[in-house]
>>> print(open('query.cif').read())   # mmCIF, C-alpha atoms and all ligand atoms
data_protein
loop_
_atom_site.group_PDB
_atom_site.id
_atom_site.type_symbol
_atom_site.label_atom_id
_atom_site.label_comp_id
_atom_site.auth_asym_id
_atom_site.auth_seq_id
_atom_site.Cartn_x
_atom_site.Cartn_y
_atom_site.Cartn_z
ATOM 1 C CA MET A 1 12.672 -3.022 -1.791
ATOM 2 C CA PRO A 2 13.991 -0.685 -4.494
ATOM 3 C CA GLN A 3 14.142 2.377 -2.207
ATOM 4 C CA PRO A 4 17.199 3.415 -0.172
ATOM 5 C CA VAL A 5 16.886 2.671 3.554
ATOM 6 C CA LEU A 6 17.230 5.792 5.701
ATOM 7 C CA ALA A 7 16.779 4.131 9.076
ATOM 8 C CA GLY A 8 16.226 0.660 10.495
ATOM 9 C CA SER A 9 16.216 -2.697 8.831
ATOM 10 C CA PRO A 10 15.572 -5.179 7.297
ATOM 11 C CA ARG A 11 14.850 -4.589 3.631
ATOM 12 C CA LEU A 12 12.837 -7.769 3.268
ATOM 13 C CA GLU A 13 9.567 -9.270 4.353
ATOM 14 C CA VAL A 14 9.328 -12.861 5.523
ATOM 15 C CA TRP A 15 5.900 -14.515 5.531
ATOM 16 C CA ARG A 16 5.696 -17.895 7.239
ATOM 17 C CA THR A 17 3.190 -20.712 6.935
ATOM 18 C CA SER A 18 3.093 -24.220 8.346
ATOM 19 C CA LYS A 19 1.761 -25.424 4.966
ATOM 20 C CA ARG A 20 3.923 -26.816 2.162
ATOM 21 C CA VAL A 21 5.074 -24.019 -0.168
ATOM 22 C CA ARG A 22 5.737 -24.379 -3.897
ATOM 23 C CA TYR A 23 7.718 -21.732 -5.760
ATOM 24 C CA ALA A 24 7.336 -21.036 -9.476
ATOM 25 C CA ARG A 25 7.846 -18.548 -12.227
ATOM 26 C CA GLU A 26 4.602 -17.967 -14.149
ATOM 27 C CA GLY A 27 5.487 -15.639 -17.025
ATOM 28 C CA ASP A 28 6.413 -12.292 -15.471
ATOM 29 C CA VAL A 29 5.180 -13.366 -12.035
ATOM 30 C CA LEU A 30 7.163 -15.089 -9.301
ATOM 31 C CA THR A 31 4.861 -17.075 -7.062
ATOM 32 C CA ALA A 32 4.955 -18.850 -3.748
ATOM 33 C CA ARG A 33 1.868 -20.992 -3.320
ATOM 34 C CA ALA A 34 0.485 -23.000 -0.442
ATOM 35 C CA ASP A 35 -3.019 -24.368 0.062
ATOM 36 C CA GLY A 36 -5.245 -21.273 -0.154
ATOM 37 C CA ILE A 37 -2.332 -18.817 -0.134
ATOM 38 C CA LEU A 38 -0.518 -16.980 -2.913
ATOM 39 C CA LEU A 39 2.372 -14.559 -2.625
ATOM 40 C CA ALA A 40 2.999 -13.082 -6.071
ATOM 41 C CA MET A 41 5.512 -10.576 -7.352
ATOM 42 C CA ALA A 42 5.765 -9.047 -10.823
ATOM 43 C CA MET A 43 8.575 -6.819 -11.950
ATOM 44 C CA ILE A 44 8.967 -5.386 -15.449
ATOM 45 C CA PRO A 45 10.880 -2.473 -16.987
ATOM 46 C CA ALA A 46 8.557 0.530 -17.221
ATOM 47 C CA ASN A 47 10.634 3.612 -17.871
ATOM 48 C CA GLN A 48 8.236 4.183 -20.799
ATOM 49 C CA ALA A 49 4.600 3.292 -21.503
ATOM 50 C CA ILE A 50 3.702 3.068 -17.819
ATOM 51 C CA LEU A 51 -0.016 2.692 -18.568
ATOM 52 C CA ALA A 52 0.441 -0.337 -20.830
ATOM 53 C CA ARG A 53 3.101 -1.858 -18.539
ATOM 54 C CA THR A 54 0.766 -1.495 -15.548
ATOM 55 C CA GLU A 55 -1.987 -3.301 -17.443
ATOM 56 C CA ASP A 56 0.557 -6.026 -18.332
ATOM 57 C CA VAL A 57 1.729 -6.451 -14.725
ATOM 58 C CA TYR A 58 -1.781 -6.454 -13.312
ATOM 59 C CA GLY A 59 -3.062 -8.760 -16.033
ATOM 60 C CA ALA A 60 -0.309 -11.256 -15.148
ATOM 61 C CA LEU A 61 -1.000 -10.900 -11.415
ATOM 62 C CA PHE A 62 -4.746 -11.419 -11.881
ATOM 63 C CA ARG A 63 -4.023 -14.559 -13.945
ATOM 64 C CA ALA A 64 -1.759 -15.884 -11.185
ATOM 65 C CA LYS A 65 -4.420 -15.059 -8.574
ATOM 66 C CA GLY A 66 -7.099 -17.110 -10.319
ATOM 67 C CA SER A 67 -10.090 -17.534 -8.011
ATOM 68 C CA LEU A 68 -8.238 -16.425 -4.855
ATOM 69 C CA HIS A 69 -8.877 -12.990 -3.308
ATOM 70 C CA TRP A 70 -6.390 -10.133 -3.027
ATOM 71 C CA GLN A 71 -5.645 -9.122 0.549
ATOM 72 C CA ARG A 72 -2.819 -6.660 0.080
ATOM 73 C CA LEU A 73 -0.961 -5.147 -2.891
ATOM 74 C CA HIS A 74 2.229 -3.102 -2.942
ATOM 75 C CA ASN A 75 2.884 -0.808 -5.915
ATOM 76 C CA TYR A 76 6.351 0.659 -6.488
ATOM 77 C CA ILE A 77 6.377 2.933 -9.504
ATOM 78 C CA PRO A 78 9.628 4.208 -11.048
ATOM 79 C CA ALA A 79 9.671 8.002 -11.495
ATOM 80 C CA ILE A 80 6.128 8.146 -10.091
ATOM 81 C CA LEU A 81 5.862 11.949 -10.346
ATOM 82 C CA GLY A 82 7.597 12.128 -13.728
ATOM 83 C CA ALA A 83 5.716 13.023 -16.894
ATOM 84 C CA GLU A 84 5.001 10.933 -19.949
ATOM 85 C CA ASP A 85 3.219 12.394 -22.985
ATOM 86 C CA GLY A 86 2.122 15.341 -20.833
ATOM 87 C CA ASN A 87 0.603 13.147 -18.114
ATOM 88 C CA GLU A 88 1.893 12.356 -14.654
ATOM 89 C CA ARG A 89 3.077 8.735 -14.523
ATOM 90 C CA TYR A 90 1.112 7.972 -11.332
ATOM 91 C CA ARG A 91 -2.085 9.046 -13.134
ATOM 92 C CA LEU A 92 -1.202 6.773 -16.063
ATOM 93 C CA PHE A 93 -0.487 3.962 -13.595
ATOM 94 C CA ASN A 94 -3.963 4.511 -12.103
ATOM 95 C CA ALA A 95 -5.511 4.298 -15.579
ATOM 96 C CA GLY A 96 -3.714 1.004 -16.218
ATOM 97 C CA ARG A 97 -4.694 -0.412 -12.817
ATOM 98 C CA GLN A 98 -8.321 0.608 -13.328
ATOM 99 C CA ALA A 99 -8.368 -1.080 -16.756
ATOM 100 C CA ALA A 100 -6.959 -4.283 -15.254
ATOM 101 C CA PHE A 101 -9.484 -4.328 -12.383
ATOM 102 C CA ALA A 102 -12.268 -3.756 -14.926
ATOM 103 C CA ALA A 103 -10.953 -6.529 -17.202
ATOM 104 C CA ALA A 104 -10.903 -8.889 -14.197
ATOM 105 C CA LEU A 105 -14.468 -7.783 -13.283
ATOM 106 C CA HIS A 106 -13.148 -6.878 -9.819
ATOM 107 C CA PRO A 107 -15.487 -4.479 -7.956
ATOM 108 C CA VAL A 108 -13.623 -1.463 -6.579
ATOM 109 C CA GLU A 109 -15.622 -1.646 -3.320
ATOM 110 C CA ALA A 110 -13.922 -5.004 -2.658
ATOM 111 C CA ALA A 111 -10.416 -3.684 -3.413
ATOM 112 C CA PRO A 112 -7.591 -4.884 -1.171
ATOM 113 C CA ALA A 113 -5.379 -2.702 0.977
ATOM 114 C CA ALA A 114 -2.469 -1.254 -1.004
ATOM 115 C CA CYS A 115 0.275 1.300 -1.116
ATOM 116 C CA GLY A 116 1.471 3.322 -4.098
ATOM 117 C CA LEU A 117 4.942 4.782 -3.900
ATOM 118 C CA GLY A 118 7.787 6.003 -6.007
ATOM 119 C CA ALA A 119 10.932 4.087 -6.844
ATOM 120 C CA PRO A 120 14.163 5.224 -8.497
ATOM 121 C CA ALA A 121 13.708 5.994 -12.225
ATOM 122 C CA THR A 122 15.936 3.045 -13.174
ATOM 123 C CA SER A 123 13.947 0.524 -11.109
ATOM 124 C CA PRO A 124 11.421 -1.781 -12.705
ATOM 125 C CA LEU A 125 7.720 -1.399 -11.997
ATOM 126 C CA LEU A 126 7.288 -3.690 -8.978
ATOM 127 C CA VAL A 127 3.943 -4.965 -7.774
ATOM 128 C CA TYR A 128 3.633 -7.708 -5.171
ATOM 129 C CA GLY A 129 0.816 -8.973 -3.072
ATOM 130 C CA LEU A 130 -0.899 -11.598 -1.014
ATOM 131 C CA ALA A 131 -4.066 -13.473 -1.988
ATOM 132 C CA THR A 132 -5.993 -16.066 0.002
ATOM 133 C CA ALA A 133 -9.065 -18.252 -0.489
ATOM 134 C CA GLU A 134 -11.577 -15.918 1.210
ATOM 135 C CA PRO A 135 -12.250 -12.220 0.621
ATOM 136 C CA GLY A 136 -11.100 -9.745 3.253
ATOM 137 C CA ARG A 137 -13.355 -7.077 4.724
ATOM 138 C CA PRO A 138 -12.603 -3.485 3.671
ATOM 139 C CA ILE A 139 -12.296 -0.809 6.357
ATOM 140 C CA GLU A 140 -12.623 2.836 5.303
ATOM 141 C CA ASN A 141 -11.688 6.026 7.174
ATOM 142 C CA PRO A 142 -14.885 8.030 7.832
ATOM 143 C CA ASP A 143 -12.863 11.258 7.477
ATOM 144 C CA GLN A 144 -11.425 10.354 4.067
ATOM 145 C CA VAL A 145 -13.161 9.957 0.729
ATOM 146 C CA SER A 146 -12.650 6.372 -0.437
ATOM 147 C CA ALA A 147 -9.713 6.435 -2.850
ATOM 148 C CA TYR A 148 -11.756 4.813 -5.630
ATOM 149 C CA ARG A 149 -14.191 7.773 -5.341
ATOM 150 C CA TYR A 150 -11.567 10.553 -5.603
ATOM 151 C CA PRO A 151 -12.787 13.349 -7.907
ATOM 152 C CA PRO A 152 -11.214 13.640 -11.383
ATOM 153 C CA ARG A 153 -8.900 16.449 -10.352
ATOM 154 C CA TYR A 154 -6.486 13.703 -9.173
ATOM 155 C CA GLY A 155 -6.606 11.978 -12.545
ATOM 156 C CA SER A 156 -9.180 10.525 -14.916
ATOM 157 C CA ALA A 157 -8.938 7.119 -13.181
ATOM 158 C CA PRO A 158 -8.935 6.909 -9.363
ATOM 159 C CA PRO A 159 -6.522 4.787 -7.350
ATOM 160 C CA ILE A 160 -8.167 1.485 -6.417
ATOM 161 C CA PHE A 161 -7.572 0.350 -2.832
ATOM 162 C CA ALA A 162 -9.296 0.065 0.546
ATOM 163 C CA ARG A 163 -7.875 2.200 3.392
ATOM 164 C CA ALA A 164 -7.429 -0.998 5.413
ATOM 165 C CA THR A 165 -8.740 -4.545 5.440
ATOM 166 C CA HIS A 166 -9.459 -7.303 7.887
ATOM 167 C CA GLY A 167 -7.906 -10.259 6.102
ATOM 168 C CA GLY A 168 -9.818 -13.293 4.899
ATOM 169 C CA GLY A 169 -8.941 -16.984 4.726
ATOM 170 C CA ALA A 170 -5.379 -17.688 5.849
ATOM 171 C CA ALA A 171 -5.022 -13.946 6.648
ATOM 172 C CA ALA A 172 -8.064 -13.876 8.942
ATOM 173 C CA ARG A 173 -6.024 -12.812 11.964
ATOM 174 C CA LEU A 174 -4.411 -9.870 10.167
ATOM 175 C CA PHE A 175 -5.240 -6.197 9.777
ATOM 176 C CA PHE A 176 -3.701 -4.649 6.648
ATOM 177 C CA LEU A 177 -3.051 -0.907 6.706
ATOM 178 C CA SER A 178 -2.823 0.788 3.309
ATOM 179 C CA GLY A 179 -0.434 3.596 2.567
ATOM 180 C CA THR A 180 -1.695 6.402 4.794
ATOM 181 C CA ALA A 181 -0.842 10.071 4.367
ATOM 182 C CA ALA A 182 -1.973 13.548 5.412
ATOM 183 C CA ILE A 183 -5.232 13.498 3.452
ATOM 184 C CA LEU A 184 -8.619 14.558 4.826
ATOM 185 C CA GLY A 185 -11.652 14.257 2.589
ATOM 186 C CA HIS A 186 -9.694 13.966 -0.636
ATOM 187 C CA GLU A 187 -7.355 16.913 -0.016
ATOM 188 C CA SER A 188 -3.726 16.956 1.101
ATOM 189 C CA LEU A 189 -3.064 18.891 4.312
ATOM 190 C CA HIS A 190 -0.056 20.869 5.527
ATOM 191 C CA PRO A 191 1.986 21.335 2.324
ATOM 192 C CA GLY A 192 5.638 21.868 3.218
ATOM 193 C CA ASP A 193 5.193 20.898 6.901
ATOM 194 C CA VAL A 194 6.443 17.348 7.423
ATOM 195 C CA ALA A 195 5.792 17.342 11.192
ATOM 196 C CA ALA A 196 2.154 18.366 10.733
ATOM 197 C CA GLN A 197 1.748 15.815 7.911
ATOM 198 C CA LEU A 198 3.070 13.080 10.194
ATOM 199 C CA GLU A 199 0.617 14.107 12.910
ATOM 200 C CA THR A 200 -2.337 13.926 10.482
ATOM 201 C CA THR A 201 -1.075 10.598 9.123
ATOM 202 C CA ILE A 202 -0.878 8.989 12.586
ATOM 203 C CA ALA A 203 -4.316 10.431 13.417
ATOM 204 C CA ASN A 204 -5.638 8.766 10.219
ATOM 205 C CA ILE A 205 -4.081 5.451 11.281
ATOM 206 C CA ARG A 206 -5.759 5.720 14.699
ATOM 207 C CA LYS A 207 -9.108 6.485 12.985
ATOM 208 C CA LEU A 208 -8.743 3.264 10.976
ATOM 209 C CA ILE A 209 -8.020 1.343 14.181
ATOM 210 C CA GLU A 210 -11.247 2.840 15.622
ATOM 211 C CA ALA A 211 -13.175 1.981 12.463
ATOM 212 C CA ALA A 212 -11.876 -1.591 12.765
ATOM 213 C CA ALA A 213 -12.953 -1.681 16.423
ATOM 214 C CA ALA A 214 -16.458 -0.582 15.395
ATOM 215 C CA GLN A 215 -16.540 -3.715 13.210
ATOM 216 C CA GLY A 216 -15.411 -5.894 16.109
ATOM 217 C CA ASP A 217 -11.687 -6.078 15.294
ATOM 218 C CA ARG A 218 -9.204 -5.416 18.058
ATOM 219 C CA VAL A 219 -6.137 -3.795 16.554
ATOM 220 C CA ARG A 220 -3.680 -2.766 19.255
ATOM 221 C CA ALA A 221 -1.248 -0.048 18.291
ATOM 222 C CA GLU A 222 1.638 -2.018 19.822
ATOM 223 C CA LYS A 223 0.987 -4.786 17.255
ATOM 224 C CA LEU A 224 1.496 -2.474 14.269
ATOM 225 C CA ARG A 225 4.370 -3.437 11.975
ATOM 226 C CA LEU A 226 4.921 -0.323 9.896
ATOM 227 C CA ARG A 227 7.055 0.942 7.073
ATOM 228 C CA VAL A 228 7.565 4.670 6.677
ATOM 229 C CA TYR A 229 8.321 6.342 3.332
ATOM 230 C CA LEU A 230 9.916 9.768 3.446
ATOM 231 C CA LYS A 231 10.337 12.118 0.501
ATOM 232 C CA HIS A 232 13.235 14.224 1.804
ATOM 233 C CA GLU A 233 16.108 12.628 3.716
ATOM 234 C CA ALA A 234 16.693 15.958 5.478
ATOM 235 C CA ASP A 235 13.374 15.454 7.321
ATOM 236 C CA LEU A 236 14.614 12.219 8.936
ATOM 237 C CA PRO A 237 15.391 13.567 12.463
ATOM 238 C CA GLU A 238 12.035 15.361 12.635
ATOM 239 C CA ILE A 239 10.189 12.218 11.511
ATOM 240 C CA GLN A 240 12.031 10.005 13.992
ATOM 241 C CA ALA A 241 11.250 12.400 16.842
ATOM 242 C CA GLY A 242 7.615 12.646 15.706
ATOM 243 C CA LEU A 243 7.206 8.862 15.482
ATOM 244 C CA ALA A 244 8.586 8.400 19.002
ATOM 245 C CA ARG A 245 6.162 11.018 20.336
ATOM 246 C CA LEU A 246 3.041 10.070 18.349
ATOM 247 C CA LEU A 247 3.471 6.277 18.283
ATOM 248 C CA PRO A 248 5.185 5.467 21.590
ATOM 249 C CA GLU A 249 3.625 1.973 21.560
ATOM 250 C CA ILE A 250 6.047 0.580 18.963
ATOM 251 C CA GLU A 251 9.766 0.342 18.276
ATOM 252 C CA PRO A 252 11.004 2.796 15.631
ATOM 253 C CA PRO A 253 9.822 1.450 12.248
ATOM 254 C CA PRO A 254 12.099 1.249 9.203
ATOM 255 C CA ILE A 255 12.159 4.404 7.078
ATOM 256 C CA LEU A 256 12.716 4.331 3.308
ATOM 257 C CA ALA A 257 13.370 7.171 0.872
ATOM 258 C CA ALA A 258 10.586 7.424 -1.705
ATOM 259 C CA ASP A 259 8.501 9.885 -3.638
ATOM 260 C CA ILE A 260 4.867 9.886 -2.526
ATOM 261 C CA CYS A 261 2.135 9.906 -5.176
ATOM 262 C CA ARG A 262 1.197 13.586 -4.790
ATOM 263 C CA PRO A 263 3.902 16.242 -5.146
ATOM 264 C CA GLU A 264 2.953 17.969 -1.863
ATOM 265 C CA LEU A 265 2.935 14.797 0.267
ATOM 266 C CA LEU A 266 6.134 14.301 2.273
ATOM 267 C CA VAL A 267 5.466 11.129 4.248
ATOM 268 C CA GLU A 268 3.387 7.940 3.945
ATOM 269 C CA ILE A 269 3.049 4.969 6.316
ATOM 270 C CA GLU A 270 1.776 1.431 5.623
ATOM 271 C CA GLY A 271 1.875 -1.913 7.379
ATOM 272 C CA HIS A 272 -0.085 -4.641 9.077
ATOM 273 C CA ALA A 273 -0.941 -5.889 12.549
ATOM 274 C CA ALA A 274 -1.883 -9.202 14.124
ATOM 275 C CA LEU A 275 -5.441 -8.915 15.441
ATOM 276 C CA THR A 276 -5.964 -9.440 19.144
ATOM 277 C CA ARG A 277 -8.661 -11.906 20.181
HETATM 278 C C1 LIG A 301 -3.688 8.406 -0.667
HETATM 279 O O1 LIG A 301 -4.278 8.258 0.418
HETATM 280 C C2 LIG A 301 -2.196 8.360 -0.604
HETATM 281 O O2 LIG A 301 -2.151 4.139 -5.425
HETATM 282 O O3 LIG A 301 -2.285 2.215 -4.429
HETATM 283 C C3 LIG A 301 -2.048 5.357 -0.590
HETATM 284 C C4 LIG A 301 -2.270 3.991 -0.697
HETATM 285 C C5 LIG A 301 -1.856 6.100 -1.737
HETATM 286 C C6 LIG A 301 -2.298 3.373 -1.946
HETATM 287 C C7 LIG A 301 -2.191 3.451 -4.402
HETATM 288 C C8 LIG A 301 -1.897 5.466 -2.984
HETATM 289 C C9 LIG A 301 -2.118 4.107 -3.093
HETATM 290 O O4 LIG A 301 -4.273 8.614 -1.730
HETATM 291 C C10 LIG A 301 -1.579 7.563 -1.673
#
>>> encode(input="query.cif", output="structure tokens")
Amino acid sequence: MPQPVLAGSPRLEVWRTSKRVRYAREGDVLTARADGILLAMAMIPANQAILARTEDVYGALFRAKGSLHWQRLHNYIPAILGAEDGNERYRLFNAGRQAAFAAALHPVEAAPAACGLGAPATSPLLVYGLATAEPGRPIENPDQVSAYRYPPRYGSAPPIFARATHGGGAAARLFFLSGTAAILGHESLHPGDVAAQLETTIANIRKLIEAAAAQGDRVRAEKLRLRVYLKHEADLPEIQAGLARLLPEIEPPPILAADICRPELLVEIEGHAALTR
């Protein structure tokens, strides 16, 4: 992870399988492959030309994916709120991602879960994700506009991701939670109030758990494995107190320092959970 850790550990994810794993470097993409499973990570310098670099990274990832299906993607964008040629870099990133999904003929309604966060300006553009042999099932929040239908005021190209997914194939027992923030409809709530943003964010996570339940998936809050991204380190005590109060089912999750993709958003939470039979 390129972001500084404010609380908790570790800074790495470990995914286990009983299948034989082969590791390779395929151009700009590092891969770990097993039968029906791909973990792929692409990392390239992108302090300039973020749109073209995003298309490059996604083009390489789609080539590595082949006929598998994305389950989950993580996007870490250096200087995400910075400007380039008069445009916000996150908006340019979205344009590049949209172009790559279009080039791969990938329908936005079948997008995987994802998160989109800032990274230090000197970090490379980092995108990593999991693909398996069967498509997952998207889960949307009834109180949020689907991200791929955001109106143009958030940029000419929308972000492409599902709010959550029930995994497919080797990930069939997993619930993937996308980056979740204080957004209702398509609008950010509670500018400047980190405690209220956290409350809305956790409420959005619980709505996704309910939406999953309506589709027959049992996601128990105590199974959530979360990662919290916080814009201002000074808000750490308030966030830790809020997490303990609003999510008493789980141990305190790790908290990383990162810019969120809208200037007014102060906190975002993503993760996954093992589904309960
Ligand atoms: C939002 O709900 C907050 O660009 O891939 C969340 C998850 C967000 C993923 C992405 C962005 C992304 O719009 C931001």
>>> residues_near_ligand(input="query.cif", ligand="ligand LIG 301 (chain A)", cutoff="10 Å", atoms="all atoms listed in the file", output="PyMOL selection string")
chain A and resi 72-77+90-91+93-94+97+112-117+144-148+150+154+158-164+177-188+201+204+260-262+265+267-270
>>> write_last_selection(input="query.cif", atoms="C-alpha atoms", output="JSON list (two decimals), in the coordinates of the input")
[["chain", "number", "residue", "atom", "x", "y", "z"],
["A", 72, "ARG", "CA", -2.82, -6.66, 0.08],
["A", 73, "LEU", "CA", -0.96, -5.15, -2.89],
["A", 74, "HIS", "CA", 2.23, -3.10, -2.94],
["A", 75, "ASN", "CA", 2.88, -0.81, -5.92],
["A", 76, "TYR", "CA", 6.35, 0.66, -6.49],
["A", 77, "ILE", "CA", 6.38, 2.93, -9.50],
["A", 90, "TYR", "CA", 1.11, 7.97, -11.33],
["A", 91, "ARG", "CA", -2.08, 9.05, -13.13],
["A", 93, "PHE", "CA", -0.49, 3.96, -13.60],
["A", 94, "ASN", "CA", -3.96, 4.51, -12.10],
["A", 97, "ARG", "CA", -4.69, -0.41, -12.82],
["A", 112, "PRO", "CA", -7.59, -4.88, -1.17],
["A", 113, "ALA", "CA", -5.38, -2.70, 0.98],
["A", 114, "ALA", "CA", -2.47, -1.25, -1.00],
["A", 115, "CYS", "CA", 0.28, 1.30, -1.12],
["A", 116, "GLY", "CA", 1.47, 3.32, -4.10],
["A", 117, "LEU", "CA", 4.94, 4.78, -3.90],
["A", 144, "GLN", "CA", -11.42, 10.35, 4.07],
["A", 145, "VAL", "CA", -13.16, 9.96, 0.73],
["A", 146, "SER", "CA", -12.65, 6.37, -0.44],
["A", 147, "ALA", "CA", -9.71, 6.44, -2.85],
["A", 148, "TYR", "CA", -11.76, 4.81, -5.63],
["A", 150, "TYR", "CA", -11.57, 10.55, -5.60],
["A", 154, "TYR", "CA", -6.49, 13.70, -9.17],
["A", 158, "PRO", "CA", -8.94, 6.91, -9.36],
["A", 159, "PRO", "CA", -6.52, 4.79, -7.35],
["A", 160, "ILE", "CA", -8.17, 1.48, -6.42],
["A", 161, "PHE", "CA", -7.57, 0.35, -2.83],
["A", 162, "ALA", "CA", -9.30, 0.06, 0.55],
["A", 163, "ARG", "CA", -7.88, 2.20, 3.39],
["A", 164, "ALA", "CA", -7.43, -1.00, 5.41],
["A", 177, "LEU", "CA", -3.05, -0.91, 6.71],
["A", 178, "SER", "CA", -2.82, 0.79, 3.31],
["A", 179, "GLY", "CA", -0.43, 3.60, 2.57],
["A", 180, "THR", "CA", -1.70, 6.40, 4.79],
["A", 181, "ALA", "CA", -0.84, 10.07, 4.37],
["A", 182, "ALA", "CA", -1.97, 13.55, 5.41],
["A", 183, "ILE", "CA", -5.23, 13.50, 3.45],
["A", 184, "LEU", "CA", -8.62, 14.56, 4.83],
["A", 185, "GLY", "CA", -11.65, 14.26, 2.59],
["A", 186, "HIS", "CA", -9.69, 13.97, -0.64],
["A", 187, "GLU", "CA", -7.36, 16.91, -0.02],
["A", 188, "SER", "CA", -3.73, 16.96, 1.10],
["A", 201, "THR", "CA", -1.08, 10.60, 9.12],
["A", 204, "ASN", "CA", -5.64, 8.77, 10.22],
["A", 260, "ILE", "CA", 4.87, 9.89, -2.53],
["A", 261, "CYS", "CA", 2.13, 9.91, -5.18],
["A", 262, "ARG", "CA", 1.20, 13.59, -4.79],
["A", 265, "LEU", "CA", 2.94, 14.80, 0.27],
["A", 267, "VAL", "CA", 5.47, 11.13, 4.25],
["A", 268, "GLU", "CA", 3.39, 7.94, 3.94],
["A", 269, "ILE", "CA", 3.05, 4.97, 6.32],
["A", 270, "GLU", "CA", 1.78, 1.43, 5.62]]
>>> atom_distance(input="query.cif", atom1="atom CA of A:Pro124", atom2="atom CA of A:Ile205")
29.5 Å
>>> closest_residue(input="query.cif", among="A:Ala273, A:Leu236, A:Ile250, A:Ile209", to="A:Leu6", atoms="all atoms listed in the file")
A:Leu236
>>> residues_around(input="query.cif", residues="A:His106", least_positions_apart="6", cutoff="10 Å", atoms="all atoms listed in the file", output="PyMOL selection string")
chain A and resi 62+69+98+100
>>> resolve_selection(input="query.cif", expression="the PyMOL selection byres (((chain A and resi 9) around 12) and not hetatm)", output="list in words")
Met1, Pro4, Val5, Leu6, Ala7, Gly8, Pro10, Arg11, Leu12, Glu13, Leu226, Arg227, Val228, Glu251, Pro252, Pro253, Pro254, Ile255 and Leu256 of chain A
